[in-house]
Amino acid sequence: MNILLLGSGGREHALAWKMAQSDHCQALFIAPGNAGTKLCGTNVTLDIKDFPAVQTFCEERSIDLLVVGPEEPLVLGIQDYFSKNTNIKVVGPSAEGAQLEGSKAYAKEFMQRHQIPTAGYREFNANSLEEGLQYIATISGPVVLKADGIAAGKGVVILEDTQAAQKELTEMLQGKFGQASNKVIIEEFLDGIEFSVFAITDGKDYQLLPIAKDYKRIGEGDVGLNTGGMGAISPVPFVDDTLMQKVIDRIVTPTIQGLNKENLDYKGFVFFGLIKVDDDPYVIEYNCRMGDPETEVVIPRLQSDLVSLLASLFDGQLSKQKVDINPDYATTVMMVSGGYPEAYEKGKTMSGMDNTSDSLLYYAGAQEDATGNIVTSGGRVLAITSLAADMQGALDRSYQNAEKVQFDKKHYRKDIGFDLK
Ligand code: AMP
Ligand code: GLY
């Protein structure tokens with residue numbers, strides 16, 4: 001099969017690395033890709049939101065399978081565009097399916113229709129601002145405010161103080177996040193520990209991939225600003241068989257049945273962002289794609305052929321696929337540019353990667369320059385993944401190798417997995 005993968009992060013390097021190992025992968029292209037995907041296939045300069053340009057490339061190269069890494073092209077309808085104009089198989093849901101990530105209100109209504117456990121909520125818009133302010137006054141404890149649409153990962157604000165929450169609601173409804181905050185969800189605060197479950201589905205059947213936990217905050221001890229993710233661990237020690245069975249029975253199965261009942265065209269990944277409150281799981285959010293950096297620990301544990309698995313989404317054979325998982329722990333530590341997630345510099349030459357051993361290096365914001373050097377090109381630069389029989393063994397290796405990689409103002413959290421030990 002000829003495959004085009006869209007995206008340019010650590011997630012895409014991990015997906016490209018895995019797909020390139022498949023006997024079913026004849027040619028692999030990545031658009032736009034990064035310094036890592038270049039080692040797995042051919043990087044192509046394409047604007048992944050320019051669907052006609054992506055189509056032209058696919059037709060020129062006889063692409064059979066288009067794998068969409070990030071959510072944005074999906075929310076913008078790349079699957080719908082390709083199913084209307086081509087016979088190319090797209091891994092990723094239709095625009096409507098992608099609303100599970102693209103609209104918090106849509107996701108909440110979907111969960112209510114299918115009795116899937118999630119925080120109680122109310123929805124407000126500019127016309128109901130007064131009601132929203134009064135509602136906030138009745139909440140004791142933290143107020144969770146969520147912009148309905150995608151707001152570059154900044155659309156969720158949790159505030160303890162009533163007046164601060166009222167000010168935030170007002171600003172959101174006055175366009176703080178543009179159209180994304182035309183509607184705002186105010187949600188019950190759930191106190192617990194988070195974890196992520198991943199499934200691949202054809203909209204009818206599904207297979208589970210390894211579970212993971214990521215570390216979103218910039219600061220050690222989970223403090224400070226939210227980032228795309230500073231590290232991840234798979235599996236998650238506190239998710240035992242009993243909890244996982246509840247996740248399957250109460251969340252995963254009803255979600256897939258919901259997609260089926262609502263006739264949503266959904267062939268792709270479902271990322272369940274979950275929280276364990278006491279002994280019960282609740283959905284915090286859905287994403288219509290794999291996580292980053294979760295993919296950098298999930299995919300290395302997948303022993304089965306990823307291309308076969310993806311191809312089976314299109315011929316009704318998904319339920320017959322064997323999904324073998326390596327029982328070892330995988331850990332990843334994300335090396336970032338100093339200053340991230342606020343302002344940071346780019347173009348720093350990276351070195352020391354060849355001195356690392358026994359880890360998998362997944363590049364994120366890193367590009368090869370004209371002279372063949374690898375230079376930083378983003379906030380998150382490189383995910384260092386290690387596998388070992390125990391979590392600490394894997395972490396030790398990721399950290400030993402993180403010391404060896406150098407670039408100006410490099411930074412990483414030294415406490416990934418701290419709450420799982
Ligand atoms: P989201 O973008 O929906 O994943 O929210 C971002 C982060 O906010 C989550 O990873 C949680 O840490 C936190 N969060 C979101 N919703 C809630 C909630 N209802 N209760 C507690 N924390 C939440
Ligand atoms: N690491 C969180 C995400 O990919 O959304």
# chains A, B, ... in the order shown; residues from 1 in each chain; ligands from 1
call {"tool": "residues_around", "arguments": {"residues": "A:Thr332", "least_positions_apart": "6", "cutoff": "9 Å", "atoms": "only C-alpha atoms", "output": "list in words"}}
result
Met230, Gly231, Ala232, Ile233, Pro293, Glu294, Glu296, Val297, Leu360, Ala383, Ile384, Thr385, Ser386, Ala394, Leu395, Ser398 and Ile416 of chain A
call {"tool": "write_last_selection", "arguments": {"atoms": "C-alpha atoms", "output": "PDB file, in the first residue's frame"}}
result
ATOM      1  CA  MET A 230       5.776  16.704  28.701  1.00  0.00           C
ATOM      2  CA  GLY A 231       5.957  12.927  28.982  1.00  0.00           C
ATOM      3  CA  ALA A 232       3.875   9.774  29.163  1.00  0.00           C
ATOM      4  CA  ILE A 233       3.760   6.307  30.689  1.00  0.00           C
ATOM      5  CA  PRO A 293       3.081  12.233  23.483  1.00  0.00           C
ATOM      6  CA  GLU A 294       0.858   9.239  24.342  1.00  0.00           C
ATOM      7  CA  GLU A 296       5.170   7.686  21.647  1.00  0.00           C
ATOM      8  CA  VAL A 297       4.462   5.116  24.407  1.00  0.00           C
ATOM      9  CA  LEU A 360      13.660   5.231  20.729  1.00  0.00           C
ATOM     10  CA  ALA A 383      10.448  12.469  22.802  1.00  0.00           C
ATOM     11  CA  ILE A 384      12.817   9.902  24.304  1.00  0.00           C
ATOM     12  CA  THR A 385      10.993   6.598  24.732  1.00  0.00           C
ATOM     13  CA  SER A 386      12.289   3.556  26.583  1.00  0.00           C
ATOM     14  CA  ALA A 394      12.342   2.536  31.533  1.00  0.00           C
ATOM     15  CA  LEU A 395      12.401   6.010  33.103  1.00  0.00           C
ATOM     16  CA  SER A 398      14.931   7.800  29.071  1.00  0.00           C
ATOM     17  CA  ILE A 416       7.555  11.919  34.788  1.00  0.00           C
TER      18      ILE A 416
END
call {"tool": "closest_atom_pairs", "arguments": {"of": "stretch 101-136 of chain A", "to": "stretch 156-170 of chain A", "cutoff": "8 Å", "atoms": "only C-alpha atoms", "output": "tab-separated table"}}
result
residue	atom	partner	partner_atom	distance
A:Leu129	CA	A:Thr170	CA	7.0
A:Gly132	CA	A:Leu169	CA	7.7
A:Leu133	CA	A:Gln166	CA	5.6
A:Ile136	CA	A:Thr162	CA	6.5
call {"tool": "residues_around", "arguments": {"residues": "A:Val54", "least_positions_apart": "2", "cutoff": "12 Å", "atoms": "only C-alpha atoms", "output": "VMD selection string"}}
result
chain A and resid 4 to 6 29 to 32 44 to 52 56 to 63 66 to 68 73 78 to 79 81 to 82 85 to 86 88
call {"tool": "write_last_selection", "arguments": {"atoms": "N, CA, C and O atoms", "output": "CSV table (one decimal), in the first residue's frame"}}
result
chain,number,residue,atom,x,y,z
A,4,LEU,N,0.0,8.0,2.8
A,4,LEU,CA,0.4,9.4,3.1
A,4,LEU,C,-0.1,9.7,4.5
A,4,LEU,O,-1.3,9.5,4.8
A,5,LEU,N,0.8,10.1,5.4
A,5,LEU,CA,0.5,10.5,6.8
A,5,LEU,C,0.6,12.0,6.9
A,5,LEU,O,1.6,12.6,6.5
A,6,LEU,N,-0.4,12.6,7.5
A,6,LEU,CA,-0.4,14.0,7.7
A,6,LEU,C,0.0,14.4,9.1
A,6,LEU,O,-0.5,13.8,10.0
A,29,PHE,N,4.8,8.4,2.6
A,29,PHE,CA,5.1,9.9,2.5
A,29,PHE,C,4.5,10.5,3.8
A,29,PHE,O,3.5,10.1,4.3
A,30,ILE,N,5.1,11.6,4.2
A,30,ILE,CA,4.7,12.3,5.4
A,30,ILE,C,4.6,13.8,5.0
A,30,ILE,O,5.6,14.3,4.5
A,31,ALA,N,3.5,14.4,5.3
A,31,ALA,CA,3.3,15.8,5.0
A,31,ALA,C,2.9,16.6,6.2
A,31,ALA,O,1.9,16.3,6.8
A,32,PRO,N,3.6,17.7,6.7
A,32,PRO,CA,4.9,18.0,6.1
A,32,PRO,C,6.1,17.2,6.7
A,32,PRO,O,7.2,17.2,6.2
A,44,VAL,N,7.0,15.5,2.5
A,44,VAL,CA,6.5,16.2,1.3
A,44,VAL,C,6.0,17.6,1.9
A,44,VAL,O,5.3,17.6,2.9
A,45,THR,N,6.3,18.6,1.2
A,45,THR,CA,5.8,20.0,1.6
A,45,THR,C,4.4,20.1,1.0
A,45,THR,O,4.2,20.3,-0.2
A,46,LEU,N,3.5,20.1,1.9
A,46,LEU,CA,2.0,20.3,1.6
A,46,LEU,C,1.4,21.0,2.7
A,46,LEU,O,1.7,20.8,3.9
A,47,ASP,N,0.4,21.9,2.4
A,47,ASP,CA,-0.4,22.5,3.4
A,47,ASP,C,-1.6,21.5,3.7
A,47,ASP,O,-2.4,21.2,2.8
A,48,ILE,N,-1.6,20.9,4.9
A,48,ILE,CA,-2.5,19.8,5.1
A,48,ILE,C,-3.9,20.2,5.3
A,48,ILE,O,-4.8,19.4,5.4
A,49,LYS,N,-4.2,21.5,5.2
A,49,LYS,CA,-5.5,22.0,5.2
A,49,LYS,C,-6.0,22.4,3.8
A,49,LYS,O,-7.2,22.7,3.6
A,50,ASP,N,-5.1,22.3,2.8
A,50,ASP,CA,-5.4,22.5,1.4
A,50,ASP,C,-5.8,21.2,0.8
A,50,ASP,O,-5.0,20.5,0.2
A,51,PHE,N,-7.1,20.8,1.0
A,51,PHE,CA,-7.5,19.5,0.6
A,51,PHE,C,-7.3,19.2,-0.9
A,51,PHE,O,-6.8,18.1,-1.3
A,52,PRO,N,-7.6,20.1,-1.8
A,52,PRO,CA,-7.3,19.8,-3.3
A,52,PRO,C,-5.8,19.6,-3.5
A,52,PRO,O,-5.5,18.7,-4.3
A,56,THR,N,-4.3,16.1,-5.1
A,56,THR,CA,-3.5,16.1,-6.3
A,56,THR,C,-2.2,15.2,-6.0
A,56,THR,O,-1.9,14.4,-6.8
A,57,PHE,N,-1.6,15.5,-4.8
A,57,PHE,CA,-0.4,14.7,-4.5
A,57,PHE,C,-0.8,13.2,-4.4
A,57,PHE,O,-0.1,12.3,-4.9
A,58,CYS,N,-1.9,12.9,-3.7
A,58,CYS,CA,-2.3,11.5,-3.6
A,58,CYS,C,-2.6,10.8,-4.9
A,58,CYS,O,-2.2,9.7,-5.1
A,59,GLU,N,-3.1,11.6,-5.9
A,59,GLU,CA,-3.4,11.0,-7.2
A,59,GLU,C,-2.1,10.8,-7.9
A,59,GLU,O,-1.9,9.7,-8.6
A,60,GLU,N,-1.2,11.7,-7.8
A,60,GLU,CA,0.1,11.6,-8.5
A,60,GLU,C,0.9,10.4,-8.0
A,60,GLU,O,1.6,9.7,-8.8
A,61,ARG,N,0.8,10.1,-6.7
A,61,ARG,CA,1.6,9.0,-6.1
A,61,ARG,C,0.8,7.8,-5.8
A,61,ARG,O,1.2,6.9,-5.1
A,62,SER,N,-0.4,7.7,-6.4
A,62,SER,CA,-1.3,6.5,-6.2
A,62,SER,C,-1.4,6.1,-4.7
A,62,SER,O,-1.2,4.9,-4.4
A,63,ILE,N,-1.7,7.1,-3.9
A,63,ILE,CA,-1.9,6.8,-2.5
A,63,ILE,C,-3.2,6.0,-2.3
A,63,ILE,O,-4.2,6.3,-2.8
A,66,LEU,N,-4.8,7.3,3.5
A,66,LEU,CA,-4.4,8.7,4.0
A,66,LEU,C,-4.6,8.6,5.5
A,66,LEU,O,-5.8,8.4,6.0
A,67,VAL,N,-3.6,8.7,6.3
A,67,VAL,CA,-3.7,8.7,7.7
A,67,VAL,C,-3.5,10.1,8.3
A,67,VAL,O,-2.5,10.7,8.0
A,68,VAL,N,-4.5,10.5,9.0
A,68,VAL,CA,-4.5,11.9,9.5
A,68,VAL,C,-4.1,11.9,10.9
A,68,VAL,O,-4.8,11.4,11.8
A,73,PRO,N,-7.4,18.9,10.3
A,73,PRO,CA,-7.9,18.6,9.0
A,73,PRO,C,-9.2,17.8,9.2
A,73,PRO,O,-10.1,17.9,8.3
A,78,ILE,N,-11.7,16.8,6.1
A,78,ILE,CA,-10.9,16.1,5.1
A,78,ILE,C,-11.4,14.8,4.7
A,78,ILE,O,-11.4,14.4,3.5
A,79,GLN,N,-12.0,14.1,5.7
A,79,GLN,CA,-12.6,12.7,5.4
A,79,GLN,C,-13.7,12.9,4.4
A,79,GLN,O,-13.8,12.1,3.4
A,81,TYR,N,-14.3,15.3,2.3
A,81,TYR,CA,-13.8,15.8,1.0
A,81,TYR,C,-13.3,14.6,0.2
A,81,TYR,O,-13.6,14.5,-1.0
A,82,PHE,N,-12.5,13.8,0.9
A,82,PHE,CA,-11.9,12.6,0.1
A,82,PHE,C,-12.9,11.6,-0.2
A,82,PHE,O,-12.8,11.0,-1.3
A,85,ASN,N,-14.7,13.0,-3.3
A,85,ASN,CA,-13.9,13.2,-4.5
A,85,ASN,C,-13.0,12.1,-5.0
A,85,ASN,O,-12.4,12.2,-6.1
A,86,THR,N,-12.7,11.1,-4.1
A,86,THR,CA,-11.7,10.1,-4.4
A,86,THR,C,-12.1,8.7,-3.9
A,86,THR,O,-13.1,8.6,-3.1
A,88,ILE,N,-9.8,7.1,-2.1
A,88,ILE,CA,-8.7,6.9,-1.2
A,88,ILE,C,-9.3,6.7,0.2
A,88,ILE,O,-10.3,7.4,0.6
call {"tool": "residues_around", "arguments": {"residues": "A:Asn326", "least_positions_apart": "2", "cutoff": "8 Å", "atoms": "only C-alpha atoms", "output": "list in words"}}
result
Arg301, Leu302, Gln303, Asp324 and Asp328 of chain A
call {"tool": "write_last_selection", "arguments": {"atoms": "N, CA, C and O atoms", "output": "mmCIF file, in the first residue's frame"}}
result
data_model
loop_
_atom_site.group_PDB
_atom_site.id
_atom_site.type_symbol
_atom_site.label_atom_id
_atom_site.label_comp_id
_atom_site.auth_asym_id
_atom_site.auth_seq_id
_atom_site.Cartn_x
_atom_site.Cartn_y
_atom_site.Cartn_z
ATOM 1 N N ARG A 301 4.577 -0.197 22.116
ATOM 2 C CA ARG A 301 4.122 -1.424 22.786
ATOM 3 C C ARG A 301 3.246 -2.282 21.873
ATOM 4 O O ARG A 301 2.936 -3.426 22.208
ATOM 5 N N LEU A 302 2.831 -1.737 20.750
ATOM 6 C CA LEU A 302 1.981 -2.497 19.824
ATOM 7 C C LEU A 302 2.870 -3.429 19.002
ATOM 8 O O LEU A 302 3.751 -2.965 18.271
ATOM 9 N N GLN A 303 2.632 -4.726 19.150
ATOM 10 C CA GLN A 303 3.483 -5.680 18.423
ATOM 11 C C GLN A 303 2.879 -6.059 17.074
ATOM 12 O O GLN A 303 3.587 -6.519 16.196
ATOM 13 N N ASP A 324 -1.601 -7.579 19.480
ATOM 14 C CA ASP A 324 -0.658 -8.050 20.506
ATOM 15 C C ASP A 324 0.069 -6.865 21.116
ATOM 16 O O ASP A 324 0.557 -5.984 20.399
ATOM 17 N N ASP A 328 5.758 -4.969 28.603
ATOM 18 C CA ASP A 328 6.708 -4.048 29.237
ATOM 19 C C ASP A 328 6.104 -2.655 29.430
ATOM 20 O O ASP A 328 5.139 -2.282 28.765
#
call {"tool": "closest_residue", "arguments": {"among": "A:Gly352, A:Gly347, A:Pro117, A:Gly219", "to": "A:Ala370", "atoms": "only C-alpha atoms"}}
result
A:Gly347
call {"tool": "residues_near_ligand", "arguments": {"ligand": "ligand 2", "cutoff": "7 Å", "atoms": "only C-alpha atoms and all ligand atoms", "output": "list in words"}}
result
Asp214, Lys216, Gly228, Gly229, Met290, Gly291, Asp292, Pro293 and Glu294 of chain A
call {"tool": "residues_near_ligand", "arguments": {"ligand": "ligand 1", "cutoff": "8 Å", "atoms": "only C-alpha atoms and all ligand atoms", "output": "list in words"}}
result
Lys104, Thr118, Ala119, Val144, Lys146, Gly153, Lys154, Gly155, Val156, Val157, Ile158, Glu187, Glu188, Phe189, Leu190, Asp191, Gly192, Glu194, Lys216, Gly273, Ile284, Glu285 and Tyr286 of chain A
call {"tool": "atom_distance", "arguments": {"atom1": "atom CA of A:Gly9", "atom2": "atom CA of A:Gly365"}}
result
6.4 Å
call {"tool": "select_by_dssp", "arguments": {"residues": "stretch 116-311 of chain A", "states": "strand (DSSP E)", "output": "JSON, numbers by chain"}}
result
{"A": [121, 122, 123, 124, 125, 143, 144, 145, 146, 147, 156, 157, 158, 159, 183, 184, 185, 186, 187, 193, 194, 195, 196, 197, 198, 199, 200, 201, 206, 207, 208, 213, 214, 217, 218, 219, 223, 224, 225, 226, 231, 232, 233, 234, 268, 269, 270, 271, 272, 273, 274, 275, 276, 277, 280, 281, 282, 283, 284, 285, 286, 287]}
call {"tool": "residues_around", "arguments": {"residues": "A:Phe198", "least_positions_apart": "4", "cutoff": "8 Å", "atoms": "only C-alpha atoms", "output": "ChimeraX atom specification"}}
result
/A:208-211,269-272,290
call {"tool": "closest_residue", "arguments": {"among": "A:Gly92, A:Gly120, A:Pro300, A:Gly258", "to": "A:Leu361", "atoms": "only C-alpha atoms"}}
result
A:Pro300
